[in-house]
Amino acid sequence: MDPTLVGTLVLAPLVLLYTIEVVYQVWLQACFLEAIPAAVRAAFPPHPRRAFFSFFASLRFQFAVLRYARINAPDDAPLTTYWKRRMRASMLREVILQACLVVTTGVLLWLGWRPIWPWQIWPRL
C-alpha cells in the first residue's frame with residue numbers, strides 16, 4: 001500500500017474529530033452565552049447580539065469568554081456552572097486533539113510520510 005495513503009488514513013480520523021469538536025464549540029459557546037447573566041455578558045468586549053453568531057466576534061471577545069469559563073465564582077448559578085464545566089471539558093478535548101495531531105504528524109514525517117496535494121492527484125486520474 002502507498003505510504004502516503006497510509007499516513008493520510010492515519011491522520012484523517014484525528015482531523016475529523018478535531019473538526020467535529022470545533023463545530024460543537026460553536027453551539028456550546030452559544031448555549032453558554034445564553035446561560036450567563038446579562039450583566040456579565042454586557043461586560044464582555046463588543047460582540048453580536050445573537051449568541052449563535054458569537055463565533056464571528058473578535059479574538060478579544062473569545063479570550064474574555066474563555067477566561068470567564070475557566071473561573072469558578074461562588075455566586076455562579078447552577079446553570080452557569082454546568083455550562084462552564086462543559087466549556088472546560090471541550091477546551092481540554094481540543095488541546096488533547098491538537099497534541100495528538102502534532103505528535104502523529106511529527107511521527108509520520110519522521111517515518112518518511114509526505115502529504116499528497118490535490119495537484120499531485122489530478123495527473124494520476
# chains A, B, ... in the order shown; residues from 1 in each chain; ligands from 1

$ residues_around --residues "region 57-66 of chain A" --least-positions-apart "5" --cutoff "9 Å" --atoms "only C-alpha atoms" --output "PyMOL selection string"
chain A and resi 29+33+41+44-48+71+87-88+91

$ write_last_selection --atoms "N, CA and C atoms" --output "compact mmCIF listing (two decimals), in the first residue's frame"
# COMPACT_ATOMS: atom_id res chain seq x y z
N GLN A 29 -20.69 27.43 22.76
CA GLN A 29 -20.49 28.83 23.14
C GLN A 29 -21.81 29.60 23.10
N LEU A 33 -23.33 31.43 26.35
CA LEU A 33 -23.62 32.87 26.41
C LEU A 33 -25.07 33.15 26.78
N ARG A 41 -22.41 39.28 30.54
CA ARG A 41 -22.28 39.30 29.07
C ARG A 41 -22.08 40.73 28.56
N PHE A 44 -18.45 41.96 28.52
CA PHE A 44 -17.52 41.43 27.52
C PHE A 44 -17.26 42.48 26.45
N PRO A 45 -16.15 42.35 25.73
CA PRO A 45 -15.90 43.27 24.59
C PRO A 45 -17.04 43.18 23.57
N PRO A 46 -17.11 44.12 22.65
CA PRO A 46 -18.20 44.13 21.67
C PRO A 46 -18.36 42.79 20.95
N HIS A 47 -19.61 42.38 20.79
CA HIS A 47 -19.90 41.09 20.15
C HIS A 47 -21.32 41.14 19.57
N PRO A 48 -21.66 40.17 18.71
CA PRO A 48 -23.01 40.14 18.13
C PRO A 48 -24.08 39.95 19.21
N ILE A 71 -13.04 30.40 35.19
CA ILE A 71 -13.09 30.87 36.57
C ILE A 71 -14.32 30.30 37.28
N MET A 87 -17.79 23.77 28.91
CA MET A 87 -16.80 24.55 28.14
C MET A 87 -15.38 24.10 28.48
N ARG A 88 -15.10 23.90 29.77
CA ARG A 88 -13.76 23.46 30.17
C ARG A 88 -13.45 22.08 29.61
N MET A 91 -12.60 22.52 25.97
CA MET A 91 -11.27 23.09 25.80
C MET A 91 -10.20 22.02 26.00

$ residues_around --residues "Val6 (chain A)" --least-positions-apart "5" --cutoff "12 Å" --atoms "only C-alpha atoms" --output "PyMOL selection string"
chain A and resi 1+11-12+108+111-116

$ select_by_dssp --residues "chain A" --states "helix (DSSP H, G or I)" --output "VMD selection string"
chain A and resid 3 to 35 38 to 43 51 to 56 59 to 70 78 to 110 118 to 124

$ atom_distance --atom1 "CA of Glu94 (chain A)" --atom2 "CA of Leu17 (chain A)"
9.3 Å

$ closest_residue --among "A:Ala99, A:Val15, A:Arg85, A:Trp119" --to "Asn72 (chain A)" --atoms "only C-alpha atoms"
A:Arg85
